[in-house]
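Read through the structure below, which is laid out as structure tokens, and then see the notes.
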Amino acid sequence: MNKMSSLGISTVIATVGMVVFLVVGFVAGYYISMGQPSGSSQAFPEDSAWRSASIKLSGSTTVLPIGNGSAIAFMNKYNATTVTVSGGGTGVGYSNILDKQVDIGMASREPKQTEIENAKSKGVALWLYPIALDGVCVVVNPSVANTSFPLNLTLQEIGKIYAGMYTYWDEVKTGLPHQQIFTVVREPGSGTRGTFEEFTMTPWKYNVTTAANTRQSNPEVKTTVENTQYSIGYVGFGFHVSPNLHTVAVAKDNLSQYIIPSTSNIASRTYPMSRYLYFVTGSRSISGSLTARFIDFVLSPEGQQIVESTGFLKLPETP
């Protein structure tokens with residue numbers, strides 16, 4: 001029996017429109033669900049009250065461009081609505097949903113056990129809506145590697161860098177510069193950091209070195225690595241393309257193929273650090289509410305085009 005089953009989680013997989021799956025789980029006596037809004041419809045009746053309503057979103061800086069782009073398009077289409085979007089990180093998104101400060105949280109990971117327990121104590125049912133696919137990309141400054149001299153790393157090698165077990169680049173690979181490694185990490189609570197550590201640190205019980213340099217968002221990590229020689233960082237797929245960055249090819253282990261985080265590799269889940277991105281609500285969104293209509297919009301063909309235009313991958317369509 002796997003870990004989830006031993007916790008009493010039951011999982012039901014279904015394909016509904018462009019939503020990839022529906023999961024109804026029971027964790028420590030509390031429900032966490034994934035799926036479509038209640039009464040999902042693309043018709044958007046003209047006489048619905050949602051047309052003059054307002055909602056707030058907050059959370060993951062990875063999901064932020066999707067939230068912003070979708071909000072602008074939605075308000076242009078339905079100009080009496082107000083959709084306010086802010087960042088803060090995945091942890092903030094969950095916290096704000098649990099405290100009922102926003103209508104939709106943005107998350108680049110599933111909730112932690114502590115967040116599940118907090119939801120239970122506050123009587124909040126967390127509903128997760130997959131809205132896009134993403135990959136956590138490891139990037140280095142061109143002073144470390146470039147297209148002529150690419151860098152390939154296993155998940156464990158990346159973990160050792162971030163644990164401080166390597167301090168100079170030529171300790172990682174022969175031929176790399178004899179220069180001290182400048183590691184850049186996201187802040188605690190970041191969904192990108194959580195996903196990164198799940199793949200590169202947790203399997204070997206590594207801890208991030210205290211010498212790591214913390215940044216508060218994907219753009220900050222990107223800018224720091226671009227401008228700092230001999231640096232390494234990690235960002236969401238939508239942030240990794242830059243002439244001032246080199247993207248690392250990653251392998252699960254020494255026996256596996258090194259994979260670049262391309263659109264096709266993430267869509268096929270062959271890239272080792274692929275993930276879903278989510279909208280989160282504190283209950284199943286009510287049919288006819290602006291929250292449900294906005295989630296419907298992001299899951300619609302128009303919304304999924306916005307997902308792609310912001311550098312992420314749309315959800316796989318039903319076969």
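Simple scheme: letters A, B, ... for chains in structure tokens order, numbers from 1 for residues in each chain, numbers from 1 for ligands in the order shown.
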
I need the residues of stretch 177-258 of chain A that end up classed as helix (DSSP H, G or I) by DSSP on the backbone, written out as a PDB file with C-alpha atoms, in the first residue's frame.
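Output saved as states28.pdb:
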ATOM      1  CA  GLY A 191       5.604  26.280  -4.514  1.00  0.00           C
ATOM      2  CA  THR A 192       8.542  26.334  -6.907  1.00  0.00           C
ATOM      3  CA  ARG A 193      10.914  25.761  -3.996  1.00  0.00           C
ATOM      4  CA  GLY A 194       8.710  22.980  -2.634  1.00  0.00           C
ATOM      5  CA  THR A 195       8.646  21.175  -5.981  1.00  0.00           C
ATOM      6  CA  PHE A 196      12.383  21.670  -6.472  1.00  0.00           C
ATOM      7  CA  GLU A 197      13.224  20.256  -3.039  1.00  0.00           C
ATOM      8  CA  GLU A 198      10.798  17.347  -3.483  1.00  0.00           C
ATOM      9  CA  PHE A 199      12.860  16.153  -6.459  1.00  0.00           C
ATOM     10  CA  THR A 200      16.411  17.196  -5.550  1.00  0.00           C
ATOM     11  CA  THR A 202      14.052  15.172  -0.012  1.00  0.00           C
ATOM     12  CA  PRO A 203      14.980  11.766  -1.552  1.00  0.00           C
ATOM     13  CA  TRP A 204      18.472  12.036  -0.025  1.00  0.00           C
ATOM     14  CA  ASN A 218      10.776  33.799 -10.218  1.00  0.00           C
ATOM     15  CA  PRO A 219      11.689  37.148 -11.843  1.00  0.00           C
ATOM     16  CA  GLU A 220      14.059  37.940  -8.950  1.00  0.00           C
ATOM     17  CA  VAL A 221      15.789  34.554  -9.275  1.00  0.00           C
ATOM     18  CA  LYS A 222      16.068  35.005 -13.039  1.00  0.00           C
ATOM     19  CA  THR A 223      17.555  38.501 -12.734  1.00  0.00           C
ATOM     20  CA  THR A 224      20.007  37.439 -10.018  1.00  0.00           C
ATOM     21  CA  VAL A 225      21.346  34.483 -12.025  1.00  0.00           C
ATOM     22  CA  GLU A 226      21.552  36.591 -15.192  1.00  0.00           C
ATOM     23  CA  ASN A 227      23.634  39.226 -13.401  1.00  0.00           C
ATOM     24  CA  PHE A 237       9.245  27.094 -17.289  1.00  0.00           C
ATOM     25  CA  GLY A 238       7.795  30.459 -18.292  1.00  0.00           C
ATOM     26  CA  PHE A 239      10.868  32.248 -16.938  1.00  0.00           C
TER      27      PHE A 239
END

Which polymer residues have any atom within 12 Å of an atom of A:Met165, counting only C-alpha atoms, with same-chain residues fewer than 4 positions away left out, as a PDB file with C-alpha atoms, in the first residue's frame?
ATOM      1  CA  GLN A 156      21.178  14.226  -6.809  1.00  0.00           C
ATOM      2  CA  GLU A 157      24.029  16.362  -8.164  1.00  0.00           C
ATOM      3  CA  ILE A 158      21.730  19.369  -8.088  1.00  0.00           C
ATOM      4  CA  GLY A 159      20.757  18.470  -4.530  1.00  0.00           C
ATOM      5  CA  LYS A 160      24.407  18.266  -3.497  1.00  0.00           C
ATOM      6  CA  ILE A 161      25.037  21.745  -4.917  1.00  0.00           C
ATOM      7  CA  TRP A 169      32.094  24.292  -9.864  1.00  0.00           C
ATOM      8  CA  GLU A 171      34.027  19.787  -7.883  1.00  0.00           C
ATOM      9  CA  VAL A 172      30.727  19.146  -9.663  1.00  0.00           C
ATOM     10  CA  ILE A 181      29.198  28.363  -6.590  1.00  0.00           C
ATOM     11  CA  THR A 183      23.361  29.344  -5.153  1.00  0.00           C
ATOM     12  CA  MET A 201      16.680  17.319  -1.748  1.00  0.00           C
ATOM     13  CA  TYR A 206      19.479  16.970   2.121  1.00  0.00           C
ATOM     14  CA  ASN A 207      18.893  20.428   3.577  1.00  0.00           C
ATOM     15  CA  VAL A 208      19.492  23.689   1.732  1.00  0.00           C
ATOM     16  CA  THR A 209      22.763  25.286   2.778  1.00  0.00           C
ATOM     17  CA  THR A 210      22.554  28.404   4.937  1.00  0.00           C
ATOM     18  CA  ALA A 211      24.902  30.049   2.418  1.00  0.00           C
TER      19      ALA A 211
END

Neighbouring residues of stretch 140-144 of chain A were defined as those with any atom within 12 Å, considering only C-alpha atoms; residues of the same chain fewer than 4 positions away were excluded. Please report them as a PyMOL selection string. chain A and resi 148-153+158+168-170+172-173+175-184+221-235+240-249

Within 10 Å of A:Ala71, counting only C-alpha atoms, which residues show up once you throw out same-chain ones fewer than 5 positions away? Write them as a VMD selection string, please. chain A and resid 57 65 to 66 76 to 77 81 to 85 294 297 to 298 303

So that I can see what lies close to stretch 251-254 of chain A, please list as a short mmCIF file (atom, residue, chain, number, x, y, z; two decimals) with C-alpha atoms, in the first residue's frame the residues with an atom at most 7 Å from it, counting only C-alpha atoms and leaving out residues fewer than 3 positions away in the same chain.
data_model
loop_
_atom_site.label_atom_id
_atom_site.label_comp_id
_atom_site.auth_asym_id
_atom_site.auth_seq_id
_atom_site.Cartn_x
_atom_site.Cartn_y
_atom_site.Cartn_z
CA LEU A 153 23.24 17.27 -13.97
CA THR A 154 21.39 14.50 -12.15
CA LEU A 155 18.78 15.34 -9.54
CA GLN A 257 18.80 10.31 -20.15
CA TYR A 258 19.48 14.00 -19.62
CA ILE A 259 16.34 15.95 -20.55
CA PRO A 272 12.06 14.96 -14.31
#

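Summary of the local environment: counting only C-alpha atoms, residues at most 12 Å from A:Gly189, other than itself and those fewer than 5 positions away along its chain, are Gly59, Ser60, Thr61, Gly88, Gly89, Thr90, Gly91, Val92, Gly93, Tyr94, Ser95, Ala107, Ser108, Arg109, Glu110, Pro111, Lys112, Thr114, Glu115, Gly194, Thr195, Phe196, Glu197, Thr214, Arg215, Gln216 and Ser217 of chain A.
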
Write down as a PDB file with N, CA and C atoms, in the first residue's frame the residues of stretch 43-239 of chain A whose backbone DSSP state falls under strand (DSSP E).
ATOM      1  N   SER A  54     -17.094  41.132  -8.159  1.00  0.00           N
ATOM      2  CA  SER A  54     -15.639  41.265  -8.093  1.00  0.00           C
ATOM      3  C   SER A  54     -15.056  40.094  -7.313  1.00  0.00           C
ATOM      4  N   ILE A  55     -13.834  39.700  -7.663  1.00  0.00           N
ATOM      5  CA  ILE A  55     -13.111  38.640  -6.948  1.00  0.00           C
ATOM      6  C   ILE A  55     -11.643  39.028  -6.813  1.00  0.00           C
ATOM      7  N   LYS A  56     -10.972  38.369  -5.854  1.00  0.00           N
ATOM      8  CA  LYS A  56      -9.541  38.589  -5.638  1.00  0.00           C
ATOM      9  C   LYS A  56      -8.793  37.267  -5.749  1.00  0.00           C
ATOM     10  N   LEU A  57      -7.591  37.324  -6.327  1.00  0.00           N
ATOM     11  CA  LEU A  57      -6.689  36.180  -6.405  1.00  0.00           C
ATOM     12  C   LEU A  57      -5.357  36.565  -5.782  1.00  0.00           C
ATOM     13  N   SER A  58      -4.671  35.594  -5.157  1.00  0.00           N
ATOM     14  CA  SER A  58      -3.315  35.825  -4.665  1.00  0.00           C
ATOM     15  C   SER A  58      -2.568  34.501  -4.646  1.00  0.00           C
ATOM     16  N   GLY A  59      -1.231  34.599  -4.591  1.00  0.00           N
ATOM     17  CA  GLY A  59      -0.447  33.386  -4.423  1.00  0.00           C
ATOM     18  C   GLY A  59       0.764  33.282  -5.314  1.00  0.00           C
ATOM     19  N   THR A  82     -14.734  42.856 -11.870  1.00  0.00           N
ATOM     20  CA  THR A  82     -13.433  43.279 -11.345  1.00  0.00           C
ATOM     21  C   THR A  82     -12.693  42.054 -10.840  1.00  0.00           C
ATOM     22  N   VAL A  83     -11.516  41.793 -11.400  1.00  0.00           N
ATOM     23  CA  VAL A  83     -10.680  40.666 -10.988  1.00  0.00           C
ATOM     24  C   VAL A  83      -9.320  41.230 -10.569  1.00  0.00           C
ATOM     25  N   THR A  84      -9.025  41.167  -9.279  1.00  0.00           N
ATOM     26  CA  THR A  84      -7.779  41.712  -8.733  1.00  0.00           C
ATOM     27  C   THR A  84      -6.813  40.568  -8.448  1.00  0.00           C
ATOM     28  N   VAL A  85      -5.571  40.695  -8.936  1.00  0.00           N
ATOM     29  CA  VAL A  85      -4.587  39.615  -8.828  1.00  0.00           C
ATOM     30  C   VAL A  85      -3.319  40.129  -8.150  1.00  0.00           C
ATOM     31  N   SER A  86      -2.806  39.372  -7.173  1.00  0.00           N
ATOM     32  CA  SER A  86      -1.542  39.711  -6.514  1.00  0.00           C
ATOM     33  C   SER A  86      -0.738  38.439  -6.273  1.00  0.00           C
ATOM     34  N   GLY A  87       0.572  38.590  -6.046  1.00  0.00           N
ATOM     35  CA  GLY A  87       1.457  37.448  -5.847  1.00  0.00           C
ATOM     36  C   GLY A  87       1.637  37.115  -4.386  1.00  0.00           C
ATOM     37  N   GLY A  88       2.900  36.883  -4.005  1.00  0.00           N
ATOM     38  CA  GLY A  88       3.203  36.562  -2.614  1.00  0.00           C
ATOM     39  C   GLY A  88       3.734  35.167  -2.402  1.00  0.00           C
ATOM     40  N   ILE A 104      -9.779  33.128  -4.837  1.00  0.00           N
ATOM     41  CA  ILE A 104      -8.998  32.092  -5.511  1.00  0.00           C
ATOM     42  C   ILE A 104      -7.533  32.227  -5.100  1.00  0.00           C
ATOM     43  N   GLY A 105      -6.954  31.132  -4.661  1.00  0.00           N
ATOM     44  CA  GLY A 105      -5.522  31.093  -4.416  1.00  0.00           C
ATOM     45  C   GLY A 105      -4.829  30.531  -5.643  1.00  0.00           C
ATOM     46  N   MET A 106      -3.606  30.976  -5.880  1.00  0.00           N
ATOM     47  CA  MET A 106      -2.810  30.456  -6.988  1.00  0.00           C
ATOM     48  C   MET A 106      -1.682  29.614  -6.389  1.00  0.00           C
ATOM     49  N   ALA A 107      -1.496  28.397  -6.900  1.00  0.00           N
ATOM     50  CA  ALA A 107      -0.535  27.480  -6.282  1.00  0.00           C
ATOM     51  C   ALA A 107       0.233  26.697  -7.343  1.00  0.00           C
ATOM     52  N   LEU A 126     -10.589  22.497   0.789  1.00  0.00           N
ATOM     53  CA  LEU A 126      -9.741  22.976  -0.297  1.00  0.00           C
ATOM     54  C   LEU A 126     -10.093  22.275  -1.603  1.00  0.00           C
ATOM     55  N   TRP A 127     -10.440  23.070  -2.615  1.00  0.00           N
ATOM     56  CA  TRP A 127     -10.691  22.539  -3.956  1.00  0.00           C
ATOM     57  C   TRP A 127      -9.595  23.027  -4.877  1.00  0.00           C
ATOM     58  N   LEU A 128      -8.917  22.081  -5.558  1.00  0.00           N
ATOM     59  CA  LEU A 128      -7.828  22.402  -6.464  1.00  0.00           C
ATOM     60  C   LEU A 128      -8.263  22.192  -7.909  1.00  0.00           C
ATOM     61  N   TYR A 129      -8.003  23.195  -8.765  1.00  0.00           N
ATOM     62  CA  TYR A 129      -8.351  23.132 -10.178  1.00  0.00           C
ATOM     63  C   TYR A 129      -7.068  23.207 -11.009  1.00  0.00           C
ATOM     64  N   PRO A 130      -6.628  22.106 -11.608  1.00  0.00           N
ATOM     65  CA  PRO A 130      -5.458  22.181 -12.496  1.00  0.00           C
ATOM     66  C   PRO A 130      -5.749  23.114 -13.660  1.00  0.00           C
ATOM     67  N   ILE A 131      -4.840  24.060 -13.923  1.00  0.00           N
ATOM     68  CA  ILE A 131      -5.060  25.022 -15.004  1.00  0.00           C
ATOM     69  C   ILE A 131      -3.951  25.001 -16.050  1.00  0.00           C
ATOM     70  N   ALA A 132      -2.800  24.380 -15.737  1.00  0.00           N
ATOM     71  CA  ALA A 132      -1.682  24.395 -16.673  1.00  0.00           C
ATOM     72  C   ALA A 132      -0.642  23.363 -16.253  1.00  0.00           C
ATOM     73  N   LEU A 133       0.285  23.090 -17.152  1.00  0.00           N
ATOM     74  CA  LEU A 133       1.462  22.280 -16.860  1.00  0.00           C
ATOM     75  C   LEU A 133       2.694  23.173 -16.829  1.00  0.00           C
ATOM     76  N   ASP A 134       3.671  22.778 -16.024  1.00  0.00           N
ATOM     77  CA  ASP A 134       4.877  23.580 -15.861  1.00  0.00           C
ATOM     78  C   ASP A 134       6.046  22.658 -15.544  1.00  0.00           C
ATOM     79  N   GLY A 135       7.245  23.177 -15.646  1.00  0.00           N
ATOM     80  CA  GLY A 135       8.432  22.459 -15.221  1.00  0.00           C
ATOM     81  C   GLY A 135       9.327  23.388 -14.429  1.00  0.00           C
ATOM     82  N   VAL A 136       9.977  22.876 -13.391  1.00  0.00           N
ATOM     83  CA  VAL A 136      10.962  23.656 -12.644  1.00  0.00           C
ATOM     84  C   VAL A 136      12.291  23.516 -13.378  1.00  0.00           C
ATOM     85  N   CYS A 137      12.822  24.624 -13.862  1.00  0.00           N
ATOM     86  CA  CYS A 137      14.015  24.621 -14.699  1.00  0.00           C
ATOM     87  C   CYS A 137      15.227  25.108 -13.906  1.00  0.00           C
ATOM     88  N   VAL A 138      16.310  24.361 -13.993  1.00  0.00           N
ATOM     89  CA  VAL A 138      17.563  24.750 -13.356  1.00  0.00           C
ATOM     90  C   VAL A 138      18.359  25.587 -14.361  1.00  0.00           C
ATOM     91  N   VAL A 139      18.777  26.772 -13.935  1.00  0.00           N
ATOM     92  CA  VAL A 139      19.483  27.687 -14.831  1.00  0.00           C
ATOM     93  C   VAL A 139      20.789  28.135 -14.187  1.00  0.00           C
ATOM     94  N   VAL A 140      21.792  28.393 -15.039  1.00  0.00           N
ATOM     95  CA  VAL A 140      23.075  28.894 -14.558  1.00  0.00           C
ATOM     96  C   VAL A 140      23.478  30.107 -15.375  1.00  0.00           C
ATOM     97  N   ASN A 152      25.026  19.163 -17.921  1.00  0.00           N
ATOM     98  CA  ASN A 152      24.086  18.097 -17.593  1.00  0.00           C
ATOM     99  C   ASN A 152      24.269  17.710 -16.132  1.00  0.00           C
ATOM    100  N   LEU A 153      23.164  17.626 -15.390  1.00  0.00           N
ATOM    101  CA  LEU A 153      23.238  17.269 -13.973  1.00  0.00           C
ATOM    102  C   LEU A 153      22.135  16.279 -13.623  1.00  0.00           C
ATOM    103  N   THR A 154      22.429  15.360 -12.704  1.00  0.00           N
ATOM    104  CA  THR A 154      21.388  14.503 -12.155  1.00  0.00           C
ATOM    105  C   THR A 154      20.671  15.247 -11.031  1.00  0.00           C
ATOM    106  N   PHE A 182      27.594  30.159  -6.547  1.00  0.00           N
ATOM    107  CA  PHE A 182      26.654  31.111  -5.945  1.00  0.00           C
ATOM    108  C   PHE A 182      25.252  30.542  -6.134  1.00  0.00           C
ATOM    109  N   THR A 183      24.669  30.004  -5.061  1.00  0.00           N
ATOM    110  CA  THR A 183      23.361  29.344  -5.153  1.00  0.00           C
ATOM    111  C   THR A 183      22.234  30.331  -4.839  1.00  0.00           C
ATOM    112  N   VAL A 184      21.184  30.269  -5.646  1.00  0.00           N
ATOM    113  CA  VAL A 184      20.017  31.136  -5.474  1.00  0.00           C
ATOM    114  C   VAL A 184      18.794  30.254  -5.238  1.00  0.00           C
ATOM    115  N   VAL A 185      18.029  30.529  -4.185  1.00  0.00           N
ATOM    116  CA  VAL A 185      16.842  29.744  -3.834  1.00  0.00           C
ATOM    117  C   VAL A 185      15.637  30.658  -3.693  1.00  0.00           C
ATOM    118  N   ARG A 186      14.458  30.052  -3.773  1.00  0.00           N
ATOM    119  CA  ARG A 186      13.222  30.768  -3.467  1.00  0.00           C
ATOM    120  C   ARG A 186      12.985  30.764  -1.967  1.00  0.00           C
ATOM    121  N   ASN A 213      21.353  32.023  -1.308  1.00  0.00           N
ATOM    122  CA  ASN A 213      20.826  33.392  -1.407  1.00  0.00           C
ATOM    123  C   ASN A 213      19.356  33.358  -1.793  1.00  0.00           C
ATOM    124  N   THR A 214      18.497  33.872  -0.914  1.00  0.00           N
ATOM    125  CA  THR A 214      17.048  33.762  -1.092  1.00  0.00           C
ATOM    126  C   THR A 214      16.487  34.921  -1.911  1.00  0.00           C
ATOM    127  N   ARG A 215      15.587  34.586  -2.836  1.00  0.00           N
ATOM    128  CA  ARG A 215      14.874  35.592  -3.623  1.00  0.00           C
ATOM    129  C   ARG A 215      13.379  35.296  -3.529  1.00  0.00           C
ATOM    130  N   SER A 231      26.698  31.612 -10.897  1.00  0.00           N
ATOM    131  CA  SER A 231      25.492  31.378 -10.098  1.00  0.00           C
ATOM    132  C   SER A 231      24.621  30.280 -10.701  1.00  0.00           C
ATOM    133  N   ILE A 232      23.770  29.707  -9.851  1.00  0.00           N
ATOM    134  CA  ILE A 232      22.785  28.703 -10.242  1.00  0.00           C
ATOM    135  C   ILE A 232      21.478  29.006  -9.525  1.00  0.00           C
ATOM    136  N   GLY A 233      20.365  28.811 -10.228  1.00  0.00           N
ATOM    137  CA  GLY A 233      19.050  29.027  -9.626  1.00  0.00           C
ATOM    138  C   GLY A 233      18.028  28.115 -10.280  1.00  0.00           C
ATOM    139  N   TYR A 234      16.766  28.263  -9.893  1.00  0.00           N
ATOM    140  CA  TYR A 234      15.692  27.481 -10.512  1.00  0.00           C
ATOM    141  C   TYR A 234      14.454  28.353 -10.641  1.00  0.00           C
ATOM    142  N   VAL A 235      13.752  28.204 -11.766  1.00  0.00           N
ATOM    143  CA  VAL A 235      12.578  29.020 -12.077  1.00  0.00           C
ATOM    144  C   VAL A 235      11.529  28.158 -12.768  1.00  0.00           C
ATOM    145  N   GLY A 236      10.303  28.655 -12.812  1.00  0.00           N
ATOM    146  CA  GLY A 236       9.257  28.007 -13.584  1.00  0.00           C
ATOM    147  C   GLY A 236       9.559  28.096 -15.074  1.00  0.00           C
TER     148      GLY A 236
END

Could you check the closest approach to A:Ser264 for each of A:Phe312, A:Trp50, A:Tyr162, A:Tyr276 and tell me which residue wins, using only C-alpha atoms? A:Phe312

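Interatomic distance, atom CA of A:Ile295 against atom CA of A:Phe279: 7.8 Å.
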
Hey, can you check how far atom CA of A:Ala267 sits from atom CA of A:Pro316? 7.6 Å

Give me, please, the distance in Å between atom CA of A:Tyr271 and atom CA of A:Val307, quoted to one decimal.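 Taking atom CA of A:Tyr271 as the start and atom CA of A:Val307 as the end point, the length is 19.2 Å.
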
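With only C-alpha atoms as the basis for measurement, A:Leu277 is the residue among A:Leu277, A:Ala292, A:Leu313, A:Ile97 that approaches A:Thr62 most closely.
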